[in-house]
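Okay, input.txt is below, compact mmCIF, C-alpha atoms and all ligand atoms:
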```
# COMPACT_ATOMS: atom_id res chain seq x y z
CA MET A 22 125.81 124.62 103.91
CA VAL A 23 123.43 125.02 100.96
CA GLU A 24 120.73 127.61 101.57
CA ARG A 25 117.35 126.01 102.07
CA ILE A 26 114.35 126.99 99.93
CA PRO A 27 111.59 128.74 101.91
CA VAL A 28 108.32 126.81 101.75
CA ALA A 29 104.76 127.23 103.03
CA VAL A 30 101.99 124.75 103.80
CA MET A 31 98.40 125.85 103.12
CA GLY A 32 95.86 123.85 105.10
CA ALA A 33 98.54 122.99 107.68
CA THR A 34 96.06 121.98 110.40
CA GLY A 35 94.33 119.27 108.34
CA LEU A 36 95.33 115.62 108.16
CA VAL A 37 97.49 116.06 105.07
CA GLY A 38 98.80 119.39 106.39
CA GLN A 39 99.99 117.63 109.55
CA ARG A 40 101.89 115.11 107.45
CA PHE A 41 103.57 118.02 105.62
CA ILE A 42 104.64 119.42 109.01
CA GLN A 43 106.25 116.08 109.91
CA LEU A 44 107.96 115.66 106.54
CA LEU A 45 109.27 119.22 106.28
CA HIS A 46 110.62 119.42 109.81
CA ARG A 47 114.43 119.55 109.51
CA HIS A 48 114.19 118.91 105.77
CA PRO A 49 117.67 119.26 104.26
CA TRP A 50 116.54 121.37 101.27
CA PHE A 51 113.36 123.12 102.43
CA GLU A 52 112.69 125.48 105.30
CA LEU A 53 109.13 125.86 106.57
CA VAL A 54 108.52 129.61 106.83
CA SER A 55 104.74 129.86 106.78
CA ILE A 56 101.68 127.78 107.66
CA THR A 57 98.06 128.65 106.92
CA ALA A 58 94.60 127.45 107.95
CA SER A 59 91.01 128.72 107.82
CA GLU A 60 90.12 132.18 109.07
CA ARG A 61 89.12 131.11 112.57
CA ARG A 62 92.74 130.13 113.39
CA ILE A 63 94.67 133.10 111.94
CA GLY A 64 97.22 134.47 114.42
CA GLN A 65 96.94 131.47 116.74
CA LYS A 66 99.94 129.33 117.64
CA TYR A 67 99.94 126.03 115.76
CA GLY A 68 100.50 123.94 118.91
CA GLU A 69 97.59 125.60 120.70
CA THR A 70 95.00 125.28 117.95
CA VAL A 71 95.79 122.15 115.91
CA ARG A 72 93.82 118.96 116.56
CA TRP A 73 96.92 116.78 116.10
CA MET A 74 96.13 113.27 114.89
CA TRP A 75 99.40 111.33 114.81
CA SER A 76 101.18 109.53 117.63
CA GLU A 77 104.41 111.56 117.83
CA GLU A 78 103.97 115.17 118.96
CA PRO A 79 104.25 118.00 116.42
CA PRO A 80 107.78 119.48 116.28
CA GLU A 81 108.32 122.11 119.00
CA GLU A 82 109.45 124.88 116.61
CA VAL A 83 106.28 124.44 114.57
CA GLN A 84 104.07 124.45 117.66
CA GLU A 85 105.31 127.99 118.27
CA MET A 86 104.61 129.19 114.69
CA LYS A 87 101.56 131.38 114.16
CA LEU A 88 98.99 130.56 111.51
CA SER A 89 98.81 132.96 108.57
CA PRO A 90 95.84 133.70 106.34
CA THR A 91 95.33 131.46 103.33
CA ASN A 92 96.09 134.07 100.66
CA TYR A 93 99.06 135.63 98.86
CA GLU A 94 100.11 137.68 101.91
CA GLY A 95 100.08 134.53 104.04
CA VAL A 96 102.63 132.76 101.84
CA ARG A 97 104.53 135.83 100.56
CA ASP A 98 107.92 134.67 101.94
CA ALA A 99 107.74 131.19 100.45
CA GLU A 100 109.05 130.10 97.08
CA ILE A 101 107.28 126.74 97.09
CA VAL A 102 103.73 126.49 98.43
CA PHE A 103 102.41 123.04 99.34
CA SER A 104 98.64 122.96 99.16
CA ALA A 105 96.49 120.72 101.38
CA LEU A 106 93.37 122.80 100.91
CA PRO A 107 89.83 121.62 100.21
CA SER A 108 89.10 121.62 96.48
CA SER A 109 86.75 124.59 96.58
CA VAL A 110 89.43 126.84 98.12
CA ALA A 111 92.26 125.45 95.99
CA ARG A 112 90.32 126.05 92.76
CA GLU A 113 90.27 129.82 93.35
CA LEU A 114 93.56 130.39 95.13
CA GLU A 115 96.14 128.14 93.46
CA PRO A 116 95.97 129.83 90.01
CA GLU A 117 96.17 133.26 91.62
CA LEU A 118 99.32 132.32 93.51
CA ALA A 119 100.91 130.65 90.48
CA LYS A 120 100.18 133.75 88.42
CA ARG A 121 101.99 135.83 91.03
CA GLY A 122 105.08 133.64 90.93
CA LYS A 123 104.56 130.86 93.47
CA ILE A 124 105.43 127.25 92.76
CA ILE A 125 102.37 125.28 93.84
CA VAL A 126 102.65 121.58 94.59
CA SER A 127 99.13 120.52 95.38
CA ASN A 128 97.07 117.65 96.73
CA ALA A 129 93.73 119.15 95.80
CA SER A 130 91.92 117.70 92.78
CA PRO A 131 91.16 120.80 90.63
CA PHE A 132 93.32 121.09 87.46
CA ARG A 133 94.75 117.56 87.74
CA MET A 134 93.36 116.67 84.33
CA ASP A 135 94.23 119.96 82.57
CA ASP A 136 96.43 119.28 79.54
CA ASP A 137 99.20 121.61 80.68
CA VAL A 138 99.25 120.52 84.33
CA PRO A 139 101.69 117.76 85.29
CA LEU A 140 100.10 115.04 87.44
CA ILE A 141 103.12 113.37 88.96
CA ASN A 142 103.91 110.17 90.83
CA PRO A 143 107.68 110.75 90.87
CA GLU A 144 108.88 107.16 90.33
CA ILE A 145 106.55 106.78 87.35
CA ASN A 146 106.37 109.89 85.22
CA PRO A 147 109.03 112.46 86.18
CA ASP A 148 109.26 113.40 82.48
CA HIS A 149 105.73 114.89 82.63
CA LEU A 150 107.28 117.84 84.51
CA LYS A 151 108.26 119.04 81.03
CA LEU A 152 104.70 120.41 80.81
CA ILE A 153 105.72 123.21 83.18
CA PRO A 154 107.27 125.62 80.63
CA ILE A 155 104.24 125.00 78.38
CA GLN A 156 101.87 125.83 81.26
CA ARG A 157 103.78 128.99 82.14
CA GLU A 158 103.82 130.23 78.59
CA LYS A 159 100.19 129.35 77.84
CA ARG A 160 98.84 130.95 81.03
CA ASN A 161 101.41 133.74 81.22
CA TRP A 162 102.25 132.75 84.80
CA LYS A 163 105.48 133.47 86.64
CA GLY A 164 104.97 130.39 88.82
CA PHE A 165 103.23 127.10 88.05
CA ILE A 166 101.06 124.31 89.43
CA ALA A 167 102.13 120.67 89.74
CA LYS A 168 99.72 118.10 91.15
CA ASN A 169 100.06 114.83 92.95
CA PRO A 170 97.46 112.12 92.34
CA ASN A 171 94.43 111.15 94.34
CA CYS A 172 95.54 108.82 97.20
CA THR A 173 94.09 105.58 95.79
CA THR A 174 95.61 106.28 92.38
CA ALA A 175 99.06 107.10 93.79
CA ILE A 176 99.22 103.70 95.51
CA LEU A 177 97.71 101.76 92.58
CA THR A 178 99.87 103.29 89.83
CA LEU A 179 103.10 102.61 91.69
CA SER A 180 102.28 98.89 91.64
CA LEU A 181 101.18 99.00 87.98
CA LYS A 182 104.24 100.72 86.52
CA PRO A 183 106.68 97.73 86.66
CA LEU A 184 103.95 95.45 85.27
CA LEU A 185 103.36 97.83 82.38
CA ASP A 186 107.10 98.12 81.64
CA ASN A 187 107.81 94.40 81.84
CA PHE A 188 104.70 92.69 80.49
CA GLY A 189 102.29 95.29 79.08
CA ILE A 190 98.79 95.82 80.48
CA SER A 191 95.39 95.48 78.75
CA ASN A 192 92.98 96.02 81.65
CA VAL A 193 93.00 96.82 85.36
CA ARG A 194 90.25 96.13 87.87
CA VAL A 195 90.54 97.32 91.46
CA ALA A 196 88.38 97.09 94.59
CA THR A 197 89.49 99.41 97.39
CA MET A 198 89.25 99.39 101.17
CA GLN A 199 89.93 103.02 102.03
CA ALA A 200 90.80 104.47 105.43
CA VAL A 201 88.69 107.20 107.04
CA SER A 202 91.65 109.64 107.12
CA GLY A 203 91.35 109.73 103.33
CA ALA A 204 88.26 111.88 103.73
CA GLY A 205 89.92 114.53 105.93
CA TYR A 206 89.38 115.38 109.60
CA GLU A 207 85.67 116.00 109.29
CA GLY A 208 85.14 113.65 106.38
CA VAL A 209 83.42 110.62 107.89
CA VAL A 210 81.11 110.74 110.90
CA SER A 211 81.92 108.04 113.49
CA MET A 212 78.29 106.86 113.67
CA ASP A 213 78.43 106.18 109.93
CA ILE A 214 81.62 104.12 109.88
CA ILE A 215 82.07 102.20 113.17
CA ASP A 216 80.82 98.62 112.73
CA ASN A 217 80.25 99.41 109.08
CA ILE A 218 81.56 99.68 105.51
CA ILE A 219 80.35 102.39 103.17
CA PRO A 220 80.32 101.06 99.60
CA PHE A 221 80.54 104.46 97.91
CA ILE A 222 83.04 107.35 97.86
CA LYS A 223 81.86 110.32 95.86
CA GLU A 224 83.78 110.84 92.57
CA GLU A 225 86.57 108.50 93.70
CA GLU A 226 86.11 105.85 91.02
CA GLU A 227 86.11 108.47 88.26
CA LYS A 228 89.36 109.92 89.64
CA VAL A 229 91.01 106.48 89.69
CA HIS A 230 89.95 105.80 86.09
CA ARG A 231 91.18 109.03 84.53
CA GLU A 232 94.23 109.77 86.69
CA THR A 233 95.67 106.25 86.27
CA LYS A 234 95.61 106.64 82.49
CA LYS A 235 97.18 110.11 82.60
CA ILE A 236 100.00 109.15 85.00
CA LEU A 237 100.88 106.05 82.96
CA GLY A 238 100.42 107.98 79.71
CA THR A 239 103.00 109.28 77.24
CA LEU A 240 104.18 112.86 76.99
CA THR A 241 103.74 114.32 73.51
CA SER A 242 104.79 117.81 72.45
CA ASN A 243 102.25 119.68 74.60
CA ARG A 244 100.13 117.20 76.55
CA VAL A 245 99.98 113.67 77.92
CA GLU A 246 98.42 111.01 75.74
CA PRO A 247 96.55 108.80 78.26
CA LEU A 248 97.49 105.13 78.34
CA ASN A 249 95.03 103.14 76.27
CA ILE A 250 93.90 100.55 78.82
CA GLY A 251 90.65 99.72 80.57
CA VAL A 252 90.45 100.72 84.23
CA SER A 253 87.50 99.79 86.41
CA ALA A 254 87.40 100.66 90.12
CA SER A 255 84.98 99.97 92.95
CA CYS A 256 85.77 102.18 95.97
CA HIS A 257 84.72 101.57 99.59
CA ARG A 258 85.29 103.27 102.96
CA VAL A 259 86.25 100.93 105.81
CA PRO A 260 86.75 101.55 109.56
CA VAL A 261 90.56 101.86 109.40
CA LEU A 262 92.32 105.09 110.44
CA GLU A 263 95.17 105.15 107.93
CA GLY A 264 96.27 103.10 104.94
CA HIS A 265 94.32 102.20 101.82
CA LEU A 266 94.26 98.51 100.89
CA GLU A 267 93.42 97.64 97.27
CA ALA A 268 92.59 94.29 95.62
CA VAL A 269 93.99 94.57 92.10
CA PHE A 270 93.38 92.38 89.03
CA VAL A 271 95.65 93.09 86.06
CA GLU A 272 95.30 91.55 82.61
CA LEU A 273 98.84 91.33 81.25
CA LYS A 274 99.68 91.41 77.55
CA GLU A 275 102.55 88.95 77.97
CA LYS A 276 102.57 86.34 80.66
CA PRO A 277 105.84 85.66 82.53
CA GLU A 278 106.74 81.99 83.08
CA ASP A 279 105.61 82.04 86.69
CA VAL A 280 104.51 84.32 89.50
CA ASN A 281 108.15 84.83 90.42
CA GLY A 282 108.58 86.94 87.29
CA VAL A 283 105.96 89.35 88.64
CA VAL A 284 107.50 89.31 92.14
CA LYS A 285 110.90 90.19 90.66
CA ALA A 286 109.53 92.98 88.47
CA LEU A 287 107.82 94.58 91.47
CA SER A 288 110.67 94.14 93.98
CA ASN A 289 113.38 95.38 91.62
CA PHE A 290 111.48 98.49 90.59
CA LYS A 291 113.26 101.78 91.13
CA GLY A 292 112.62 105.23 89.71
CA LYS A 293 114.36 108.56 89.32
CA PRO A 294 113.89 109.55 92.99
CA GLN A 295 115.93 106.48 94.00
CA GLU A 296 118.56 107.16 91.30
CA LEU A 297 118.89 110.75 92.48
CA LYS A 298 118.74 109.68 96.14
CA LEU A 299 116.11 112.32 96.93
CA PRO A 300 115.68 112.89 100.68
CA THR A 301 112.06 111.63 100.85
CA ALA A 302 112.51 108.74 98.36
CA PRO A 303 112.12 105.31 99.96
CA GLU A 304 114.92 102.89 99.19
CA LYS A 305 112.35 100.47 97.77
CA PRO A 306 109.17 102.04 96.33
CA ILE A 307 107.52 98.59 96.29
CA VAL A 308 108.03 96.05 99.06
CA VAL A 309 106.74 92.55 98.30
CA ARG A 310 105.69 90.36 101.24
CA SER A 311 105.34 86.61 100.97
CA GLU A 312 103.15 85.89 104.01
CA PRO A 313 99.62 84.83 102.99
CA ASP A 314 97.96 87.44 105.24
CA ARG A 315 99.91 90.60 104.39
CA PRO A 316 99.83 93.53 103.69
CA GLN A 317 97.66 94.82 106.53
CA PRO A 318 97.04 98.54 107.23
CA ARG A 319 98.02 98.46 110.92
CA PHE A 320 101.35 96.72 110.33
CA ASP A 321 102.46 97.83 106.90
CA ARG A 322 101.32 101.43 106.28
CA MET A 323 104.53 103.03 107.56
CA THR A 324 106.85 100.88 105.42
CA GLY A 325 109.58 103.09 103.95
CA GLY A 326 108.41 105.94 106.18
CA GLY A 327 104.96 105.71 104.57
CA MET A 328 106.46 106.22 101.08
CA SER A 329 106.64 102.57 99.99
CA VAL A 330 103.65 100.56 98.89
CA VAL A 331 103.45 96.98 100.11
CA VAL A 332 102.30 94.22 97.75
CA GLY A 333 101.27 90.71 98.75
CA ARG A 334 99.14 87.70 97.76
CA ILE A 335 100.44 87.74 94.18
CA ARG A 336 98.74 84.94 92.26
CA TRP A 337 97.15 84.06 88.92
CA SER A 338 93.46 84.51 88.33
CA GLU A 339 91.28 81.40 88.04
CA ILE A 340 89.33 82.88 85.14
CA ASP A 341 91.70 84.60 82.75
CA GLN A 342 95.10 82.95 82.30
CA ASN A 343 96.81 86.28 81.65
CA GLU A 344 95.37 87.96 84.73
CA ILE A 345 97.52 88.43 87.83
CA LYS A 346 95.89 89.43 91.10
CA TYR A 347 97.39 90.93 94.24
CA MET A 348 96.82 93.24 97.22
CA VAL A 349 98.56 96.60 97.48
CA LEU A 350 98.64 98.85 100.53
CA GLY A 351 99.94 102.37 101.04
CA SER A 352 99.70 105.30 103.42
CA ASN A 353 97.00 107.55 101.99
CA THR A 354 98.29 110.64 103.81
CA ILE A 355 102.00 110.12 102.96
CA ARG A 356 102.45 108.24 99.63
CA GLY A 357 98.89 109.20 98.76
CA ALA A 358 99.33 112.89 99.62
CA ALA A 359 101.99 114.93 101.48
CA GLY A 360 104.96 112.59 100.92
CA THR A 361 104.46 112.49 97.17
CA ALA A 362 104.11 116.28 97.06
CA VAL A 363 107.40 116.75 98.94
CA LEU A 364 109.04 114.21 96.60
CA ILE A 365 107.79 116.19 93.58
CA ALA A 366 109.33 119.36 95.02
CA GLU A 367 112.62 117.54 95.62
CA LEU A 368 112.57 116.30 92.04
CA LEU A 369 111.96 119.84 90.77
CA ARG A 370 114.97 121.06 92.71
CA ALA A 371 117.21 118.15 91.70
CA GLU A 372 116.28 118.77 88.06
CA ASN A 373 117.06 122.49 88.43
CA MET A 374 113.46 123.42 87.62
CA ILE A 375 113.26 125.72 90.64
N1 LIG B 401 93.36 112.82 103.44
C1 LIG B 401 93.97 112.21 102.44
O1 LIG B 401 94.41 111.04 102.56
C2 LIG B 401 94.13 112.92 101.12
C3 LIG B 401 94.83 112.26 100.12
C4 LIG B 401 95.03 112.90 98.88
C5 LIG B 401 94.53 114.16 98.68
N2 LIG B 401 93.83 114.79 99.68
C6 LIG B 401 93.35 116.16 99.42
O2 LIG B 401 94.15 117.05 100.22
C7 LIG B 401 93.36 118.16 100.65
C8 LIG B 401 93.39 118.23 102.18
O3 LIG B 401 92.84 117.04 102.73
P1 LIG B 401 92.79 116.74 104.29
O4 LIG B 401 92.42 115.32 104.38
O5 LIG B 401 94.01 117.21 104.96
O6 LIG B 401 91.54 117.67 104.74
P2 LIG B 401 91.20 118.28 106.19
O7 LIG B 401 91.70 117.38 107.27
O8 LIG B 401 89.76 118.57 106.14
O9 LIG B 401 92.02 119.66 106.24
C9 LIG B 401 91.67 120.78 105.47
C10 LIG B 401 92.62 121.93 105.73
O10 LIG B 401 92.18 123.06 104.94
C11 LIG B 401 91.87 124.16 105.80
N3 LIG B 401 90.67 124.89 105.33
C12 LIG B 401 89.38 124.45 105.28
N4 LIG B 401 88.59 125.41 104.76
C13 LIG B 401 89.37 126.48 104.50
C14 LIG B 401 89.12 127.78 103.99
N5 LIG B 401 87.89 128.17 103.61
N6 LIG B 401 90.16 128.63 103.86
C15 LIG B 401 91.41 128.24 104.22
N7 LIG B 401 91.72 127.02 104.71
C16 LIG B 401 90.70 126.15 104.85
C17 LIG B 401 91.60 123.56 107.17
O11 LIG B 401 91.82 124.53 108.16
P3 LIG B 401 91.05 124.47 109.59
O12 LIG B 401 91.72 123.38 110.37
O13 LIG B 401 91.30 125.82 110.15
O14 LIG B 401 89.61 124.19 109.27
C18 LIG B 401 92.64 122.42 107.18
O15 LIG B 401 93.91 122.94 107.48
C19 LIG B 401 91.96 117.95 100.05
O16 LIG B 401 91.85 118.64 98.82
C20 LIG B 401 91.92 116.43 99.82
O17 LIG B 401 91.01 116.07 98.83
C21 LIG B 401 93.63 114.20 100.89
```

Turn the structure described in the file into structure tokens.
Ligand SMILES: NC(=O)c1ccc[n+]([C@@H]2O[C@H](COP(=O)([O-])OP(=O)(O)OC[C@H]3O[C@@H](n4cnc5c(N)ncnc54)[C@H](OP(=O)(O)O)[C@@H]3O)[C@@H](O)[C@H]2O)c1
Amino acid sequence: MVERIPVAVMGATGLVGQRFIQLLHRHPWFELVSITASERRIGQKYGETVRWMWSEEPPEEVQEMKLSPTNYEGVRDAEIVFSALPSSVARELEPELAKRGKIIVSNASPFRMDDDVPLINPEINPDHLKLIPIQREKRNWKGFIAKNPNCTTAILTLSLKPLLDNFGISNVRVATMQAVSGAGYEGVVSMDIIDNIIPFIKEEEEKVHRETKKILGTLTSNRVEPLNIGVSASCHRVPVLEGHLEAVFVELKEKPEDVNGVVKALSNFKGKPQELKLPTAPEKPIVVRSEPDRPQPRFDRMTGGGMSVVVGRIRWSEIDQNEIKYMVLGSNTIRGAAGTAVLIAELLRAENMI
């Protein structure tokens, strides 16, 4: 049997951290050796302290694991460190760990837009991992940092990539309906969101604009040249637990004969993770549904184990003859967070980069 790579999860008690626990349990390549949380939980057994949010129980072995401090000592035994920390903590700690040799695959937003930091959605831009040697040399780090995108952007860009490759894109408009889990365990107060919609998510639209262009951009010798398209997002929080739904309007450069051309491009899309048969890669990254009332968060968020996005209601715009419009749905905590991070780590291993 191949020896598994020791990994740690920082922020293991949070919503994304809990998804990491599920995805890494009995992972064929990675062995969970350390889990961390905030100071108040250090030394406590995971099963006794975690406020577990998902329907199946946490794995028994993990319930027995004790929480370590969120610092170098806490993840000393791990080669790869998955980060599900709040931004403020990640900003200080991730560079320190990378400097000391750890491979950080992170969900937190700091450094995503740095020129030498790969921002990866594995089916779309695996080649951007070539920034890693540049980052290591420039910063004189033994380890490195790789980032996965903001949840809304991860779901959106997956649906855009086949359209870009097949028809070209001039502009993208998107209106989101984002689940409360996207804001973390303490993110949205129930009195604010039940019987309500909040038409503002701080800094979310800016993240969608810039991250979409970087992920779909082109790698040059030492940075990514962002894709030259217009992106305009309007982001909203809705009373759904899990699964972001997005209404997308894409102005294509070339128009296929009919909507079927778009359906085919989306359904046939496959990336490197599928080619390499990575353990967390869904068989189909994009699942197209033909019913007029799908996708829906409650029914479709766990498609492909939460790693596929589901597209429906594909139709032409009434205003611009080159504009196609559709709905896309994805799990914000899996495709939008932990699942993509695990897939990045699998890609790194498959490409012999770790
Ligand atoms: N939720 C999503 O869908 C999503 C999607 C993409 C990216 N992200 C990003 O992923 C990260 C985690 O999000 P989340 O939704 O899982 O948040 P969360 O539910 O609030 O969990 C935060 C985690 O960080 C730990 N933590 C908080 N303060 C800490 C401190 N000072 N020192 C050490 N650990 C600390 C918490 O430990 P305690 O339990 O002990 O407090 C918990 O384990 C954030 O950066 C977020 O922006 C989230």

Given all atoms listed in the file, how would the per-residue table for chain A near ligand LIG 401 (chain B) read, listing every residue at most 6 Å away with its closest atom pair and distance in Å to one decimal, sorted by chain and number, as a Markdown table?
```
| residue | atom | partner | partner_atom | distance |
| --- | --- | --- | --- | --- |
| A:Gly32 | CA | B:LIG401 | O15 | 3.2 |
| A:Ala33 | CA | B:LIG401 | O15 | 4.6 |
| A:Thr34 | CA | B:LIG401 | O15 | 3.8 |
| A:Gly35 | CA | B:LIG401 | O9 | 3.1 |
| A:Leu36 | CA | B:LIG401 | O5 | 3.8 |
| A:Val37 | CA | B:LIG401 | O5 | 3.7 |
| A:Gly38 | CA | B:LIG401 | O5 | 5.5 |
| A:Ala58 | CA | B:LIG401 | O11 | 4.0 |
| A:Ser59 | CA | B:LIG401 | N7 | 3.6 |
| A:Arg62 | CA | B:LIG401 | O13 | 5.6 |
| A:Thr91 | CA | B:LIG401 | C15 | 5.2 |
| A:Ala105 | CA | B:LIG401 | C8 | 4.1 |
| A:Leu106 | CA | B:LIG401 | O10 | 4.2 |
| A:Pro107 | CA | B:LIG401 | O16 | 3.9 |
| A:Ser108 | CA | B:LIG401 | O16 | 4.7 |
| A:Val110 | CA | B:LIG401 | N5 | 5.9 |
| A:Asn128 | CA | B:LIG401 | O2 | 4.6 |
| A:Ala129 | CA | B:LIG401 | O16 | 3.6 |
| A:Asn171 | CA | B:LIG401 | C4 | 4.9 |
| A:Cys172 | CA | B:LIG401 | C4 | 4.4 |
| A:Ser202 | CA | B:LIG401 | N1 | 5.2 |
| A:Gly203 | CA | B:LIG401 | O1 | 3.4 |
| A:Ala204 | CA | B:LIG401 | N1 | 5.2 |
| A:Gly205 | CA | B:LIG401 | O4 | 3.0 |
| A:Tyr206 | CA | B:LIG401 | O7 | 3.8 |
| A:Glu207 | CA | B:LIG401 | O8 | 5.8 |
| A:Asn353 | CA | B:LIG401 | O1 | 4.4 |
| A:Thr354 | CA | B:LIG401 | O1 | 4.1 |
| A:Gly357 | CA | B:LIG401 | C3 | 5.3 |
| A:Ala358 | CA | B:LIG401 | C4 | 4.4 |
```

Leaving out segment 250-255 of chain A and any residue of its chain fewer than 3 positions from it, which residues lie within 12 Å of it when counting all atoms listed in the file, given as a short mmCIF file (atom, residue, chain, number, x, y, z; two decimals) with C-alpha atoms, in the frame of the given file?
```cif
data_model
loop_
_atom_site.label_atom_id
_atom_site.label_comp_id
_atom_site.auth_asym_id
_atom_site.auth_seq_id
_atom_site.Cartn_x
_atom_site.Cartn_y
_atom_site.Cartn_z
CA THR A 173 94.09 105.58 95.79
CA THR A 174 95.61 106.28 92.38
CA LEU A 177 97.71 101.76 92.58
CA THR A 178 99.87 103.29 89.83
CA LEU A 181 101.18 99.00 87.98
CA LEU A 185 103.36 97.83 82.38
CA GLY A 189 102.29 95.29 79.08
CA ILE A 190 98.79 95.82 80.48
CA SER A 191 95.39 95.48 78.75
CA ASN A 192 92.98 96.02 81.65
CA VAL A 193 93.00 96.82 85.36
CA ARG A 194 90.25 96.13 87.87
CA VAL A 195 90.54 97.32 91.46
CA ALA A 196 88.38 97.09 94.59
CA THR A 197 89.49 99.41 97.39
CA MET A 198 89.25 99.39 101.17
CA GLN A 199 89.93 103.02 102.03
CA ILE A 219 80.35 102.39 103.17
CA PRO A 220 80.32 101.06 99.60
CA PHE A 221 80.54 104.46 97.91
CA ILE A 222 83.04 107.35 97.86
CA LYS A 223 81.86 110.32 95.86
CA GLU A 224 83.78 110.84 92.57
CA GLU A 225 86.57 108.50 93.70
CA GLU A 226 86.11 105.85 91.02
CA GLU A 227 86.11 108.47 88.26
CA LYS A 228 89.36 109.92 89.64
CA VAL A 229 91.01 106.48 89.69
CA HIS A 230 89.95 105.80 86.09
CA ARG A 231 91.18 109.03 84.53
CA GLU A 232 94.23 109.77 86.69
CA THR A 233 95.67 106.25 86.27
CA LYS A 234 95.61 106.64 82.49
CA LYS A 235 97.18 110.11 82.60
CA LEU A 237 100.88 106.05 82.96
CA GLY A 238 100.42 107.98 79.71
CA GLU A 246 98.42 111.01 75.74
CA PRO A 247 96.55 108.80 78.26
CA ARG A 258 85.29 103.27 102.96
CA GLU A 267 93.42 97.64 97.27
CA ALA A 268 92.59 94.29 95.62
CA VAL A 269 93.99 94.57 92.10
CA PHE A 270 93.38 92.38 89.03
CA VAL A 271 95.65 93.09 86.06
CA GLU A 272 95.30 91.55 82.61
CA LEU A 273 98.84 91.33 81.25
CA LYS A 274 99.68 91.41 77.55
#
```

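Our summary of the geometry notes that atom CA of Phe290 of chain A is positioned 21.4 Å from atom CA of Gly264 of chain A.
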
**Message:** Show me, as a ChimeraX atom specification, the residues that have an atom within 8 Å of segment 63-74 of chain A when counting all atoms listed in the file, minus same-chain residues fewer than 6 positions from it.
**Reply:** /A:34,36,39,57,83-90

Correct to one decimal, the distance atom CA of Tyr347 of chain A-atom CA of Leu240 of chain A is 28.7 Å

Can you check which parts of segment 259-359 of chain A lie within 9 Å of segment 141-146 of chain A? Per residue, the shortest pair of atoms and distance in Å to one decimal, counting all atoms listed in the file, sorted by chain and number, as JSON lines.
```
{"residue": "A:Lys291", "atom": "CA", "partner": "A:Glu144", "partner_atom": "CA", "distance": 7.0}
{"residue": "A:Gly292", "atom": "CA", "partner": "A:Glu144", "partner_atom": "CA", "distance": 4.3}
{"residue": "A:Lys293", "atom": "CA", "partner": "A:Glu144", "partner_atom": "CA", "distance": 5.7}
{"residue": "A:Pro294", "atom": "CA", "partner": "A:Glu144", "partner_atom": "CA", "distance": 6.2}
{"residue": "A:Gln295", "atom": "CA", "partner": "A:Glu144", "partner_atom": "CA", "distance": 8.0}
{"residue": "A:Ala302", "atom": "CA", "partner": "A:Glu144", "partner_atom": "CA", "distance": 9.0}
{"residue": "A:Pro306", "atom": "CA", "partner": "A:Glu144", "partner_atom": "CA", "distance": 7.9}
```

How about saving the chosen residues, C-alpha atoms kept, as a PDB file, keeping the file's coordinate frame?
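Generated file (out.pdb):
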```
ATOM      1  CA  LYS A 291     113.260 101.780  91.130  1.00  0.00           C
ATOM      2  CA  GLY A 292     112.620 105.230  89.710  1.00  0.00           C
ATOM      3  CA  LYS A 293     114.360 108.560  89.320  1.00  0.00           C
ATOM      4  CA  PRO A 294     113.890 109.550  92.990  1.00  0.00           C
ATOM      5  CA  GLN A 295     115.930 106.480  94.000  1.00  0.00           C
ATOM      6  CA  ALA A 302     112.510 108.740  98.360  1.00  0.00           C
ATOM      7  CA  PRO A 306     109.170 102.040  96.330  1.00  0.00           C
TER       8      PRO A 306
END
```

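Atom pair atom CA of Leu118 of chain A / atom CA of Phe132 of chain A has a distance of 14.1 Å (rounded to one decimal).
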
Could you name the residues that touch Asn217 of chain A at 10 Å or less, counting all atoms listed in the file, but leaving out those on the same chain fewer than 4 positions away, as a PDB file with C-alpha atoms, in the coordinates of the input?
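Written out: part_31.pdb:
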```
ATOM      1  CA  SER A 211      81.920 108.040 113.490  1.00  0.00           C
ATOM      2  CA  MET A 212      78.290 106.860 113.670  1.00  0.00           C
ATOM      3  CA  ASP A 213      78.430 106.180 109.930  1.00  0.00           C
ATOM      4  CA  ARG A 258      85.290 103.270 102.960  1.00  0.00           C
ATOM      5  CA  VAL A 259      86.250 100.930 105.810  1.00  0.00           C
ATOM      6  CA  PRO A 260      86.750 101.550 109.560  1.00  0.00           C
TER       7      PRO A 260
END
```

Around (101.1, 114.6, 86.7), as given in the file, which residues come within 6 Å? Count all atoms listed in the file and list them as a ChimeraX atom specification. /A:139-141,168,236

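Contact shell of Gly164 of chain A at 7 Å (only C-alpha atoms; same-chain neighbours under 5 positions omitted): Ala119, Lys120, Arg121, Gly122, Lys123, Ile124 and Arg157 of chain A.
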
Could you make a table, as CSV, of the residues of segment 99-174 of chain A that have an atom within 10 Å of an atom of segment 46-54 of chain A, each with its nearest atom pair and distance in Å to one decimal, counting only C-alpha atoms, in chain and number order?
```
residue,atom,partner,partner_atom,distance
A:Ala99,CA,A:Val54,CA,6.6
A:Glu100,CA,A:Val54,CA,9.8
A:Ile101,CA,A:Phe51,CA,8.9
A:Val102,CA,A:Leu53,CA,9.8
```

Those same residues - C-alpha atoms - I'd like them written as a PDB file, in the coordinates of the input.
```pdb
ATOM      1  CA  ALA A  99     107.740 131.190 100.450  1.00  0.00           C
ATOM      2  CA  GLU A 100     109.050 130.100  97.080  1.00  0.00           C
ATOM      3  CA  ILE A 101     107.280 126.740  97.090  1.00  0.00           C
ATOM      4  CA  VAL A 102     103.730 126.490  98.430  1.00  0.00           C
TER       5      VAL A 102
END
```

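Among A:Val283, A:Met328, A:Met374, A:Leu114, the residue with the shortest atom-to-atom distance to Gly360 of chain A, counting all atoms listed in the file, is A:Met328.
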